[in-house]
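With compact mmCIF, C-alpha atoms inside, this is my_file.txt:
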```txt
# COMPACT_ATOMS: atom_id res chain seq x y z
CA MET A 1 48.14 86.70 73.54
CA GLY A 2 48.85 90.42 72.99
CA ALA A 3 51.81 92.64 73.68
CA GLN A 4 55.08 91.61 75.26
CA VAL A 5 55.80 93.86 78.22
CA ILE A 6 59.52 94.62 78.41
CA THR A 7 61.03 96.62 81.27
CA VAL A 8 64.35 98.41 80.81
CA THR A 9 66.16 98.85 84.12
CA SER A 10 69.70 99.22 85.50
CA GLY A 11 70.02 99.97 89.19
CA LYS A 12 72.53 102.71 88.57
CA GLY A 13 71.39 106.00 87.09
CA GLY A 14 72.79 107.53 83.94
CA VAL A 15 73.74 104.34 82.13
CA GLY A 16 71.23 104.83 79.32
CA LYS A 17 67.84 103.37 80.29
CA THR A 18 65.80 106.19 78.81
CA THR A 19 67.89 106.44 75.65
CA ALA A 20 67.68 102.69 75.16
CA THR A 21 63.92 102.64 75.74
CA ALA A 22 63.32 105.46 73.24
CA ASN A 23 65.57 103.90 70.63
CA ILE A 24 64.37 100.34 70.92
CA ALA A 25 60.78 101.60 70.77
CA ALA A 26 61.51 103.69 67.67
CA ALA A 27 63.28 100.79 65.97
CA LEU A 28 60.43 98.40 66.73
CA ALA A 29 57.83 100.88 65.49
CA GLN A 30 59.84 101.58 62.35
CA ASP A 31 59.80 97.85 61.68
CA GLY A 32 56.02 97.99 61.77
CA ALA A 33 55.32 96.88 65.34
CA LYS A 34 52.69 98.63 67.45
CA VAL A 35 54.56 100.03 70.44
CA VAL A 36 53.70 101.98 73.57
CA CYS A 37 56.35 103.28 76.00
CA ILE A 38 55.61 103.98 79.64
CA ASP A 39 57.84 106.34 81.60
CA ALA A 40 57.78 104.86 85.11
CA ASP A 41 60.17 107.45 86.52
CA ILE A 42 57.55 109.50 88.33
CA GLY A 43 58.89 112.83 89.53
CA LEU A 44 61.87 112.74 87.16
CA ARG A 45 60.32 112.18 83.78
CA ASN A 46 62.61 112.29 80.76
CA LEU A 47 61.43 109.82 78.16
CA ASP A 48 59.21 112.59 76.78
CA VAL A 49 62.17 114.89 75.99
CA VAL A 50 64.31 112.08 74.56
CA MET A 51 61.43 111.18 72.23
CA GLY A 52 60.77 114.87 71.47
CA LEU A 53 57.19 114.78 72.73
CA GLU A 54 57.45 117.06 75.79
CA ASN A 55 55.19 119.74 74.32
CA ARG A 56 52.27 117.42 73.80
CA ILE A 57 51.73 116.22 77.35
CA VAL A 58 48.29 116.86 78.80
CA TYR A 59 47.68 113.78 80.95
CA ASP A 60 50.16 111.36 82.50
CA LEU A 61 50.47 107.98 84.19
CA VAL A 62 49.22 109.25 87.55
CA HIS A 63 46.09 110.70 85.92
CA ILE A 64 45.35 107.24 84.54
CA VAL A 65 45.94 105.61 87.92
CA GLU A 66 43.74 108.13 89.71
CA GLY A 67 41.03 107.85 87.08
CA SER A 68 41.10 111.51 86.02
CA ALA A 69 42.07 110.49 82.47
CA ARG A 70 41.35 107.45 80.37
CA LEU A 71 44.26 105.39 79.12
CA ARG A 72 43.81 106.54 75.51
CA GLN A 73 43.68 110.21 76.55
CA ALA A 74 47.12 110.01 78.20
CA MET A 75 48.76 108.23 75.25
CA ILE A 76 50.81 110.64 73.13
CA LYS A 77 51.22 109.73 69.49
CA ASP A 78 54.78 109.98 68.15
CA LYS A 79 55.54 112.72 65.59
CA ARG A 80 57.18 110.43 63.06
CA LEU A 81 56.04 106.89 63.63
CA PRO A 82 52.29 106.29 63.44
CA GLU A 83 52.35 103.13 65.58
CA LEU A 84 54.42 104.55 68.46
CA TYR A 85 52.91 106.01 71.63
CA LEU A 86 54.17 107.38 74.95
CA ILE A 87 52.52 107.39 78.35
CA PRO A 88 54.52 110.05 80.22
CA ALA A 89 55.32 110.04 83.93
CA ALA A 90 53.94 112.70 86.23
CA GLN A 91 56.51 115.33 87.06
CA THR A 92 55.03 116.77 90.24
CA ARG A 93 54.34 113.55 92.14
CA ASP A 94 56.46 110.76 93.58
CA LYS A 95 56.75 107.02 93.12
CA SER A 96 54.13 106.24 95.75
CA ALA A 97 51.41 107.67 93.48
CA VAL A 98 51.55 104.39 91.52
CA SER A 99 51.55 100.80 92.80
CA PRO A 100 52.77 97.58 91.18
CA SER A 101 49.16 96.43 90.80
CA ASP A 102 48.29 99.70 89.00
CA MET A 103 51.07 98.97 86.51
CA ILE A 104 49.83 95.41 85.99
CA ARG A 105 46.29 96.65 85.40
CA ILE A 106 47.41 99.32 82.90
CA CYS A 107 49.57 96.86 80.96
CA ASP A 108 46.75 94.31 80.88
CA GLU A 109 44.58 96.98 79.33
CA LEU A 110 47.26 97.81 76.73
CA ARG A 111 48.18 94.23 75.78
CA PRO A 112 45.40 93.46 73.28
CA ASP A 113 46.11 96.56 71.17
CA PHE A 114 49.90 96.46 70.95
CA ASP A 115 52.85 94.24 70.05
CA PHE A 116 55.21 95.74 72.63
CA VAL A 117 54.88 97.71 75.84
CA LEU A 118 58.27 99.15 76.86
CA ILE A 119 58.66 100.40 80.41
CA ASP A 120 61.44 102.85 81.27
CA SER A 121 62.33 102.09 84.89
CA PRO A 122 63.73 104.66 87.30
CA ALA A 123 67.17 104.09 88.80
CA GLY A 124 67.30 102.44 92.19
CA ILE A 125 65.74 99.35 93.72
CA GLU A 126 62.80 100.90 95.54
CA ARG A 127 59.15 101.45 94.75
CA GLY A 128 59.69 102.87 91.26
CA PHE A 129 61.74 99.84 90.24
CA ARG A 130 59.13 97.47 91.73
CA ASN A 131 56.41 99.31 89.81
CA ALA A 132 58.39 99.02 86.59
CA ILE A 133 59.07 95.29 86.76
CA ALA A 134 55.69 94.18 88.16
CA PRO A 135 53.96 93.82 84.76
CA ALA A 136 57.07 92.67 82.82
CA ASN A 137 57.22 89.55 80.67
CA LYS A 138 60.87 90.25 80.06
CA VAL A 139 63.42 92.41 81.89
CA VAL A 140 66.30 94.05 80.05
CA ILE A 141 69.16 95.28 82.21
CA ILE A 142 71.39 97.96 80.83
CA THR A 143 74.90 98.65 82.07
CA ASN A 144 78.17 100.33 81.11
CA PRO A 145 81.61 98.69 81.19
CA GLU A 146 82.40 100.34 84.54
CA VAL A 147 82.80 98.81 87.97
CA SER A 148 79.95 100.75 89.60
CA ALA A 149 77.44 100.09 86.83
CA VAL A 150 78.29 96.37 86.58
CA ARG A 151 78.03 95.98 90.33
CA ASP A 152 74.56 97.52 90.33
CA ALA A 153 73.55 95.36 87.36
CA ASP A 154 74.50 92.29 89.39
CA ARG A 155 72.27 93.43 92.25
CA ILE A 156 69.38 94.01 89.84
CA ILE A 157 69.84 90.58 88.24
CA GLY A 158 69.38 89.05 91.69
CA LEU A 159 66.30 91.16 92.47
CA VAL A 160 64.71 90.34 89.11
CA GLU A 161 65.25 86.65 89.81
CA SER A 162 63.78 86.90 93.29
CA GLU A 163 60.69 88.57 91.81
CA GLN A 164 60.40 85.61 89.41
CA LYS A 165 60.91 87.87 86.41
CA GLY A 166 64.15 86.25 85.29
CA PRO A 167 66.24 85.41 83.48
CA ALA A 168 66.97 89.01 82.57
CA MET A 169 68.95 89.96 79.47
CA LEU A 170 71.80 92.45 79.23
CA ILE A 171 72.55 95.44 77.05
CA LEU A 172 76.11 96.66 77.38
CA ASN A 173 76.02 100.36 76.52
CA ARG A 174 78.65 103.03 75.79
CA ILE A 175 81.43 100.69 74.74
CA LYS A 176 84.67 102.32 73.57
CA PRO A 177 86.50 99.75 71.41
CA GLU A 178 89.80 101.72 71.48
CA MET A 179 89.84 101.63 75.28
CA ILE A 180 89.10 97.90 75.33
CA LYS A 181 91.96 97.34 72.88
CA ARG A 182 94.26 99.31 75.17
CA GLY A 183 93.21 97.20 78.17
CA ASP A 184 91.61 100.19 79.88
CA MET A 185 87.97 99.11 79.66
CA LEU A 186 86.17 95.92 80.64
CA SER A 187 85.46 93.97 77.48
CA ILE A 188 82.13 92.40 76.59
CA ASP A 189 83.51 89.00 77.64
CA ASP A 190 84.77 90.41 80.95
CA VAL A 191 81.31 91.75 81.81
CA LEU A 192 79.54 88.55 80.77
CA ASP A 193 82.09 86.52 82.70
CA VAL A 194 81.36 88.44 85.89
CA LEU A 195 77.57 88.68 85.51
CA ALA A 196 76.68 85.32 83.88
CA ILE A 197 73.72 86.67 81.93
CA ASP A 198 72.47 86.39 78.36
CA LEU A 199 73.51 89.24 76.09
CA LEU A 200 70.80 91.10 74.19
CA GLY A 201 72.96 93.78 72.63
CA ILE A 202 76.12 95.84 72.61
CA VAL A 203 76.02 99.56 71.92
CA PRO A 204 79.13 101.57 71.06
CA GLU A 205 79.70 105.06 72.43
CA ASP A 206 78.33 107.43 69.81
CA GLU A 207 78.18 111.24 69.78
CA GLN A 208 75.01 110.96 67.73
CA ILE A 209 73.21 109.92 70.93
CA VAL A 210 73.76 113.38 72.42
CA ILE A 211 72.80 115.07 69.18
CA GLY A 212 69.71 112.86 68.96
CA SER A 213 68.58 113.76 72.46
CA ASN A 214 69.32 117.44 71.78
CA ARG A 215 66.86 117.26 68.93
CA GLY A 216 64.43 114.80 70.46
CA THR A 217 65.04 112.35 67.63
CA PRO A 218 66.09 108.78 68.54
CA VAL A 219 69.26 107.74 66.67
CA ALA A 220 67.67 104.42 65.80
CA LEU A 221 66.02 106.37 62.98
CA ASP A 222 69.43 107.54 61.71
CA GLU A 223 70.76 105.02 59.20
CA LYS A 224 74.35 106.23 59.65
CA SER A 225 74.60 106.09 63.44
CA ARG A 226 76.43 103.06 64.83
CA ALA A 227 74.53 103.22 68.11
CA GLY A 228 71.37 103.49 66.03
CA GLN A 229 72.33 100.31 64.20
CA ALA A 230 72.98 98.61 67.54
CA PHE A 231 69.50 99.55 68.79
CA ARG A 232 67.91 98.38 65.54
CA ASN A 233 69.68 95.05 66.02
CA ILE A 234 68.36 94.82 69.58
CA ALA A 235 64.83 95.51 68.35
CA LYS A 236 65.16 92.71 65.79
CA ARG A 237 66.37 90.29 68.48
CA LEU A 238 63.37 91.20 70.64
CA ARG A 239 61.19 90.23 67.69
CA GLY A 240 62.87 86.84 67.63
CA GLU A 241 65.28 87.42 64.77
CA ASN A 242 68.77 86.02 65.01
CA VAL A 243 71.04 89.00 64.38
CA PRO A 244 74.80 88.68 64.86
CA PHE A 245 76.47 91.11 67.25
CA MET A 246 78.15 94.16 65.78
CA ASP A 247 81.84 94.08 65.04
CA LEU A 248 82.98 97.00 67.17
CA ASP A 249 86.54 96.93 65.87
CA LYS A 250 85.35 98.01 62.50
CA GLN A 251 86.28 101.66 62.12
CA ASP A 252 84.00 104.03 60.34
CA GLY A 253 86.39 104.61 57.47
CA PHE A 254 85.41 105.16 53.89
CA PHE A 255 85.53 101.51 52.95
CA SER A 256 83.54 100.24 55.89
CA ARG A 257 80.95 102.94 55.20
CA LEU A 258 80.83 101.77 51.63
CA GLY A 259 80.43 98.25 52.94
CA LYS A 260 77.60 99.35 55.22
CA MET A 261 75.78 100.98 52.34
CA ILE A 262 75.81 97.70 50.52
CA ARG A 263 75.12 95.45 53.48
CA PRO A 264 73.90 97.30 56.56
CA GLY A 265 75.30 96.61 59.91
CA GLY A 266 76.66 93.58 61.67
CA MET B 1 99.01 105.27 80.96
CA ASN B 2 100.66 104.35 77.71
CA PHE B 3 102.26 101.14 76.58
CA PHE B 4 105.80 102.09 77.62
CA SER B 5 105.01 103.40 81.06
CA ARG B 6 103.06 100.21 81.60
CA LEU B 7 106.09 98.14 80.64
CA ALA B 8 108.27 100.20 82.93
CA GLY B 9 105.88 100.26 85.87
CA ARG B 10 104.77 96.63 85.46
CA GLN B 11 101.22 97.64 86.26
CA PRO B 12 98.44 95.36 85.12
CA PRO B 13 96.01 96.92 82.61
CA SER B 14 93.35 98.92 84.45
CA LYS B 15 90.60 96.68 83.11
CA GLN B 16 92.17 93.72 84.91
CA VAL B 17 92.21 95.72 88.13
CA ALA B 18 88.55 96.60 87.51
CA LYS B 19 87.62 92.97 86.91
CA ASP B 20 89.42 91.70 90.01
CA ARG B 21 87.88 94.38 92.20
CA LEU B 22 84.46 93.68 90.76
CA LYS B 23 84.73 89.96 91.38
CA LEU B 24 85.65 90.55 94.99
CA VAL B 25 82.95 93.10 95.66
CA LEU B 26 80.32 90.90 94.01
CA ILE B 27 81.26 87.95 96.18
CA HIS B 28 80.46 90.02 99.24
CA ASP B 29 77.33 91.55 97.66
CA ARG B 30 75.99 88.16 96.64
CA THR B 31 76.71 86.27 99.83
CA ASP B 32 75.95 89.18 102.11
CA ILE B 33 79.12 88.37 104.06
CA SER B 34 81.12 91.45 104.96
CA PRO B 35 84.90 91.44 105.45
CA ALA B 36 84.22 91.84 109.19
CA VAL B 37 82.15 88.65 109.26
CA MET B 38 84.91 86.86 107.36
CA GLU B 39 87.40 87.97 110.00
CA GLN B 40 85.17 86.64 112.75
CA LEU B 41 84.68 83.38 110.88
CA LYS B 42 88.44 83.05 110.57
CA ASP B 43 88.95 83.52 114.31
CA GLU B 44 86.32 80.92 115.09
CA ILE B 45 87.78 78.42 112.65
CA ILE B 46 91.22 78.91 114.20
CA ALA B 47 89.75 78.36 117.67
CA VAL B 48 88.03 75.11 116.67
CA ILE B 49 90.93 73.64 114.72
CA SER B 50 93.57 74.49 117.29
CA LYS B 51 91.69 72.43 119.85
CA HIS B 52 92.77 69.37 117.88
CA MET B 53 95.86 70.38 115.93
CA ASP B 54 98.82 72.72 116.17
CA ILE B 55 98.33 75.29 113.47
CA ASP B 56 100.15 78.41 112.34
CA ARG B 57 97.57 80.96 113.40
CA ASP B 58 99.16 83.83 111.49
CA GLY B 59 99.31 81.83 108.28
CA VAL B 60 95.58 81.06 108.11
CA LYS B 61 93.91 82.37 104.98
CA ILE B 62 90.19 82.23 104.38
CA LYS B 63 88.34 83.52 101.34
CA ILE B 64 85.38 82.97 99.13
CA SER B 65 86.57 82.02 95.69
CA ASP B 66 84.58 82.03 92.50
CA GLU B 67 85.39 79.49 89.86
CA SER B 68 82.48 80.78 87.85
CA ALA B 69 79.90 83.54 88.17
CA THR B 70 77.28 81.03 89.31
CA GLU B 71 79.34 79.00 91.77
CA SER B 72 81.48 80.09 94.67
CA ARG B 73 83.09 78.30 97.58
CA LEU B 74 84.64 79.02 100.92
CA VAL B 75 88.32 78.15 100.86
CA ALA B 76 90.39 77.93 104.02
CA ASP B 77 94.14 77.47 103.89
CA ILE B 78 95.38 76.42 107.32
CA PRO B 79 99.10 75.71 107.64
CA LEU B 80 100.11 73.19 110.31
CA LEU B 81 103.04 73.84 112.58
CA LYS B 82 106.06 71.71 111.93
CA THR B 83 106.08 69.01 114.55
CA PRO B 84 108.93 66.67 115.38
CA ARG B 85 108.53 63.12 114.07
CA ARG B 86 106.87 60.88 116.57
CA ARG B 87 109.36 58.63 118.27
CA ARG B 88 107.15 55.94 119.60
```
Take the structure I supplied and represent it as structure tokens, if you would.
Amino acid sequence: MGAQVITVTSGKGGVGKTTATANIAAALAQDGAKVVCIDADIGLRNLDVVMGLENRIVYDLVHIVEGSARLRQAMIKDKRLPELYLIPAAQTRDKSAVSPSDMIRICDELRPDFDFVLIDSPAGIERGFRNAIAPANKVVIITNPEVSAVRDADRIIGLVESEQKGPAMLILNRIKPEMIKRGDMLSIDDVLDVLAIDLLGIVPEDEQIVIGSNRGTPVALDEKSRAGQAFRNIAKRLRGENVPFMDLDKQDGFFSRLGKMIRPGG
Amino acid sequence: MNFFSRLAGRQPPSKQVAKDRLKLVLIHDRTDISPAVMEQLKDEIIAVISKHMDIDRDGVKIKISDESATESRLVADIPLLKTPRRRR
């Protein structure tokens, strides 16, 4: 049986693929799962800095593909979580250095030893995207409540279906509940209404995300971060648990914090 | 825009504008039919129908409507010209 291969993709750049990959991976590993992340964004690698592992890179994905490093040699062990690994992208090459069949072969080799393989897809719908979804058992599409991001998500949903990798699931990222209340941001229902896709998670806008990436520490490991809680919930859902969606209206006042201490989350 | 200026200006909330624009753009993305093709389709429909009926060419409306995200249909609204009652 082996690992589930999950690809995180979006079409549009900058909606939070890398952040989501790092956080879901950290949350899964903290829960005791064996996890390896693959940065498929060759030429523009970033998962390494978000995970805080940029100083440990010796070999990368292209070295594995070209046979100049073994799979295990290119896997970087996380600083904090003993069962979390990263296979970084090459920074000096381009997408054509890897093929979809290379990705399938690498994931087949990883499957027996892990519970999850998470692939961080590059933006776009070209070779890098095809590489990223080729080995996937499940595709997670991430978007923001903005016209451009939702439009691109729709395009990706269609492409994932045509590659027989569907149905994809959606993470709606960077939600601002105050703006939704004001009628100035697409709500979760609006986005689902337009895209007709199953929802995997909702993630509120959270300054801790920036602070986390500054430090190279995923917020999923921060008990107090709301986005961190959202990513922990997503990780649980990927493990088959039935976790209710967060109540985004809940403000982080004293009493709700008190409530969270007693009963984490939503 | 705040609540009062919205009342005064009678503008719909920006999220409604976003949703409507999205729906329209997705219809064209999904069907791969550009507004130009729609225009051509409209002209051809007018040509065919007017062979058999008197229609108000300027009043013809054609659009793809989406009742749901998974189903859409082509809707043509073709007004007929008022014709005098037949006398025989």
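CA of Lys77 (chain A) lies 10.7 Å from CA of Met51 (chain A).
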(request) Counting only C-alpha atoms, figure out which residue out of B:Ser50, B:Thr83, B:Gln16, B:Ser72 gets nearest to Arg30 (chain B). (result)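 Distance minimum relative to Arg30 (chain B) lands on B:Ser72.
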(request) Could you list, as number ranges by chain, the residues of chain A having an atom within 12 Å of chain B when counting all atoms listed in the file? (result) A: 145-159, 179-197
Suppose we keep C-alpha atoms; can you now write the selection as a PDB file, keeping the file's coordinate frame?
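Result file follows (part_34.pdb):
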```pdb
ATOM      1  CA  PRO A 145      81.610  98.690  81.190  1.00  0.00           C
ATOM      2  CA  GLU A 146      82.400 100.340  84.540  1.00  0.00           C
ATOM      3  CA  VAL A 147      82.800  98.810  87.970  1.00  0.00           C
ATOM      4  CA  SER A 148      79.950 100.750  89.600  1.00  0.00           C
ATOM      5  CA  ALA A 149      77.440 100.090  86.830  1.00  0.00           C
ATOM      6  CA  VAL A 150      78.290  96.370  86.580  1.00  0.00           C
ATOM      7  CA  ARG A 151      78.030  95.980  90.330  1.00  0.00           C
ATOM      8  CA  ASP A 152      74.560  97.520  90.330  1.00  0.00           C
ATOM      9  CA  ALA A 153      73.550  95.360  87.360  1.00  0.00           C
ATOM     10  CA  ASP A 154      74.500  92.290  89.390  1.00  0.00           C
ATOM     11  CA  ARG A 155      72.270  93.430  92.250  1.00  0.00           C
ATOM     12  CA  ILE A 156      69.380  94.010  89.840  1.00  0.00           C
ATOM     13  CA  ILE A 157      69.840  90.580  88.240  1.00  0.00           C
ATOM     14  CA  GLY A 158      69.380  89.050  91.690  1.00  0.00           C
ATOM     15  CA  LEU A 159      66.300  91.160  92.470  1.00  0.00           C
ATOM     16  CA  MET A 179      89.840 101.630  75.280  1.00  0.00           C
ATOM     17  CA  ILE A 180      89.100  97.900  75.330  1.00  0.00           C
ATOM     18  CA  LYS A 181      91.960  97.340  72.880  1.00  0.00           C
ATOM     19  CA  ARG A 182      94.260  99.310  75.170  1.00  0.00           C
ATOM     20  CA  GLY A 183      93.210  97.200  78.170  1.00  0.00           C
ATOM     21  CA  ASP A 184      91.610 100.190  79.880  1.00  0.00           C
ATOM     22  CA  MET A 185      87.970  99.110  79.660  1.00  0.00           C
ATOM     23  CA  LEU A 186      86.170  95.920  80.640  1.00  0.00           C
ATOM     24  CA  SER A 187      85.460  93.970  77.480  1.00  0.00           C
ATOM     25  CA  ILE A 188      82.130  92.400  76.590  1.00  0.00           C
ATOM     26  CA  ASP A 189      83.510  89.000  77.640  1.00  0.00           C
ATOM     27  CA  ASP A 190      84.770  90.410  80.950  1.00  0.00           C
ATOM     28  CA  VAL A 191      81.310  91.750  81.810  1.00  0.00           C
ATOM     29  CA  LEU A 192      79.540  88.550  80.770  1.00  0.00           C
ATOM     30  CA  ASP A 193      82.090  86.520  82.700  1.00  0.00           C
ATOM     31  CA  VAL A 194      81.360  88.440  85.890  1.00  0.00           C
ATOM     32  CA  LEU A 195      77.570  88.680  85.510  1.00  0.00           C
ATOM     33  CA  ALA A 196      76.680  85.320  83.880  1.00  0.00           C
ATOM     34  CA  ILE A 197      73.720  86.670  81.930  1.00  0.00           C
TER      35      ILE A 197
END
```
(request) Return the single residue from A:Ala27, A:Ile87, A:Leu248, A:Val36 that is closest to Leu118 (chain A), with distances computed using only C-alpha atoms. (result) A:Val36
Would you compute an axis-aligned box for region 203-212 of chain A, covering every atom listed for it in the file with 8 Å of margin on each side, and report centre and edge lengths in Å to one decimal as JSON?
```
{"center_x": 74.7, "center_y": 107.3, "center_z": 70.1, "size_x": 26.0, "size_y": 31.5, "size_z": 20.7}
```
(request) For Ile142 (chain A), please output as a PyMOL selection string all residues within 7 Å (counting only C-alpha atoms; exclusion window: fewer than 4 positions along the same chain). (result) chain A and resi 9-10+15+17+170-173
(request) Please indicate the distance in Å from CA of Val140 (chain A) to CA of Leu200 (chain A), rounded to one decimal place. (result)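 Between CA of Val140 (chain A) and CA of Leu200 (chain A) the gap is 8.0 Å.
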(message) Distance cut-off 10 Å, centre (56.0, 100.8, 66.5) in file coordinates, counting only C-alpha atoms: which residues qualify? Return them as a PyMOL selection string.
(response) chain A and resi 24-37+78+81-85+114-117
(request) Compile the contact shell of Ile45 (chain B) as a list in words: residues with an atom at most 12 Å away, counting only C-alpha atoms, same-chain residues fewer than 3 positions apart removed. (result) Met38, Glu39, Gln40, Leu41, Lys42, Val48, Ile49, Ser50, Lys51, His52, Met53, Ile55, Arg57, Val60, Lys61, Ile62, Val75, Ala76, Asp77 and Ile78 of chain B
(request) Select, from A:Leu53, A:Val5, A:Ser121, A:Ala22, the residue with the minimum atom-to-atom distance to Ile106 (chain A), counting all atoms listed in the file. (result)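 That would be A:Val5, the residue with the smallest distance to Ile106 (chain A).
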(request) Excluding Leu74 (chain B) and any residue of its chain fewer than 3 positions from it, enumerate the residues within 8 Å of it, using only C-alpha atoms, and give them as a ChimeraX atom specification. (result) /B:62-65
For the residues in the current selection, export C-alpha atoms as a PDB file, in the coordinates of the input.
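Heads up, here's the output in selection-v2.pdb:
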```
ATOM      1  CA  ILE B  62      90.190  82.230 104.380  1.00  0.00           C
ATOM      2  CA  LYS B  63      88.340  83.520 101.340  1.00  0.00           C
ATOM      3  CA  ILE B  64      85.380  82.970  99.130  1.00  0.00           C
ATOM      4  CA  SER B  65      86.570  82.020  95.690  1.00  0.00           C
TER       5      SER B  65
END
```
(message) Can you measure CA of Arg174 (chain A) to CA of Asp249 (chain A) for me? One decimal in Å is fine.
(response) 14.1 Å
(request) Give me the residues within 9 Å of region 211-221 of chain A as a list of chain:residue names, counting only C-alpha atoms and dropping any in the same chain fewer than 2 places off. (result) A:Thr19, A:Ala22, A:Asn23, A:Ile24, A:Ala25, A:Ala26, A:Ala27, A:Gln30, A:Asp48, A:Val49, A:Val50, A:Met51, A:Gly52, A:Leu53, A:Glu207, A:Gln208, A:Ile209, A:Glu223, A:Lys224, A:Ser225, A:Arg226, A:Ala227, A:Gly228, A:Gln229, A:Ala230, A:Phe231, A:Arg232
(message) If we count only C-alpha atoms and set the cut-off at 10 Å, which residues sit around region 122-137 of chain A, ignoring sequence neighbours fewer than 2 positions away in its own chain? Please answer as a ChimeraX atom specification.
(response) /A:3-15,17-18,38-45,94-108,117-120,139-140,152,155-156,159-160,163-166,168
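Nearest residue to Arg237 (chain A) among A:Gly67, A:Gly201, A:Pro177, A:Gly2 is A:Gly201, counting only C-alpha atoms.
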Residue rebuild result region 245-250 of chain A, all heavy atoms as a PDB file, in the frame of the given file:
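out-v7.pdb written:
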```pdb
ATOM      1  N   PHE A 245      76.039  89.900  66.564  1.00  0.00           N
ATOM      2  CA  PHE A 245      76.470  91.110  67.250  1.00  0.00           C
ATOM      3  C   PHE A 245      77.400  91.919  66.350  1.00  0.00           C
ATOM      4  O   PHE A 245      78.130  91.372  65.530  1.00  0.00           O
ATOM      5  CB  PHE A 245      77.162  90.760  68.572  1.00  0.00           C
ATOM      6  CG  PHE A 245      76.207  90.200  69.582  1.00  0.00           C
ATOM      7  CD1 PHE A 245      76.187  88.846  69.875  1.00  0.00           C
ATOM      8  CD2 PHE A 245      75.293  91.031  70.214  1.00  0.00           C
ATOM      9  CE1 PHE A 245      75.288  88.331  70.794  1.00  0.00           C
ATOM     10  CE2 PHE A 245      74.385  90.527  71.130  1.00  0.00           C
ATOM     11  CZ  PHE A 245      74.380  89.174  71.420  1.00  0.00           C
ATOM     12  N   MET A 246      77.333  93.220  66.541  1.00  0.00           N
ATOM     13  CA  MET A 246      78.150  94.160  65.780  1.00  0.00           C
ATOM     14  C   MET A 246      79.646  93.912  65.961  1.00  0.00           C
ATOM     15  O   MET A 246      80.080  93.602  67.059  1.00  0.00           O
ATOM     16  CB  MET A 246      77.873  95.527  66.369  1.00  0.00           C
ATOM     17  CG  MET A 246      77.445  96.538  65.435  1.00  0.00           C
ATOM     18  SD  MET A 246      77.098  98.019  66.419  1.00  0.00           S
ATOM     19  CE  MET A 246      76.393  98.963  65.125  1.00  0.00           C
ATOM     20  N   ASP A 247      80.387  94.114  64.913  1.00  0.00           N
ATOM     21  CA  ASP A 247      81.840  94.080  65.040  1.00  0.00           C
ATOM     22  C   ASP A 247      82.310  95.478  65.413  1.00  0.00           C
ATOM     23  O   ASP A 247      82.342  96.381  64.587  1.00  0.00           O
ATOM     24  CB  ASP A 247      82.454  93.628  63.707  1.00  0.00           C
ATOM     25  CG  ASP A 247      83.971  93.599  63.792  1.00  0.00           C
ATOM     26  OD1 ASP A 247      84.502  93.795  64.900  1.00  0.00           O
ATOM     27  OD2 ASP A 247      84.607  93.378  62.742  1.00  0.00           O
ATOM     28  N   LEU A 248      82.666  95.642  66.697  1.00  0.00           N
ATOM     29  CA  LEU A 248      82.980  97.000  67.170  1.00  0.00           C
ATOM     30  C   LEU A 248      84.364  97.470  66.736  1.00  0.00           C
ATOM     31  O   LEU A 248      84.668  98.654  66.807  1.00  0.00           O
ATOM     32  CB  LEU A 248      82.870  97.061  68.693  1.00  0.00           C
ATOM     33  CG  LEU A 248      81.471  96.844  69.247  1.00  0.00           C
ATOM     34  CD1 LEU A 248      81.489  96.923  70.753  1.00  0.00           C
ATOM     35  CD2 LEU A 248      80.489  97.862  68.693  1.00  0.00           C
ATOM     36  N   ASP A 249      85.193  96.539  66.301  1.00  0.00           N
ATOM     37  CA  ASP A 249      86.540  96.930  65.870  1.00  0.00           C
ATOM     38  C   ASP A 249      86.522  97.650  64.540  1.00  0.00           C
ATOM     39  O   ASP A 249      87.452  98.361  64.200  1.00  0.00           O
ATOM     40  CB  ASP A 249      87.448  95.698  65.761  1.00  0.00           C
ATOM     41  CG  ASP A 249      87.818  95.197  67.144  1.00  0.00           C
ATOM     42  OD1 ASP A 249      87.765  96.007  68.071  1.00  0.00           O
ATOM     43  OD2 ASP A 249      88.132  94.007  67.264  1.00  0.00           O
ATOM     44  N   LYS A 250      85.428  97.419  63.826  1.00  0.00           N
ATOM     45  CA  LYS A 250      85.350  98.010  62.500  1.00  0.00           C
ATOM     46  C   LYS A 250      85.310  99.522  62.624  1.00  0.00           C
ATOM     47  O   LYS A 250      84.435 100.093  63.250  1.00  0.00           O
ATOM     48  CB  LYS A 250      84.104  97.491  61.781  1.00  0.00           C
ATOM     49  CG  LYS A 250      84.270  97.411  60.296  1.00  0.00           C
ATOM     50  CD  LYS A 250      83.231  96.522  59.646  1.00  0.00           C
ATOM     51  CE  LYS A 250      81.818  96.992  59.938  1.00  0.00           C
ATOM     52  NZ  LYS A 250      80.809  96.097  59.366  1.00  0.00           N
TER      53      LYS A 250
END
```
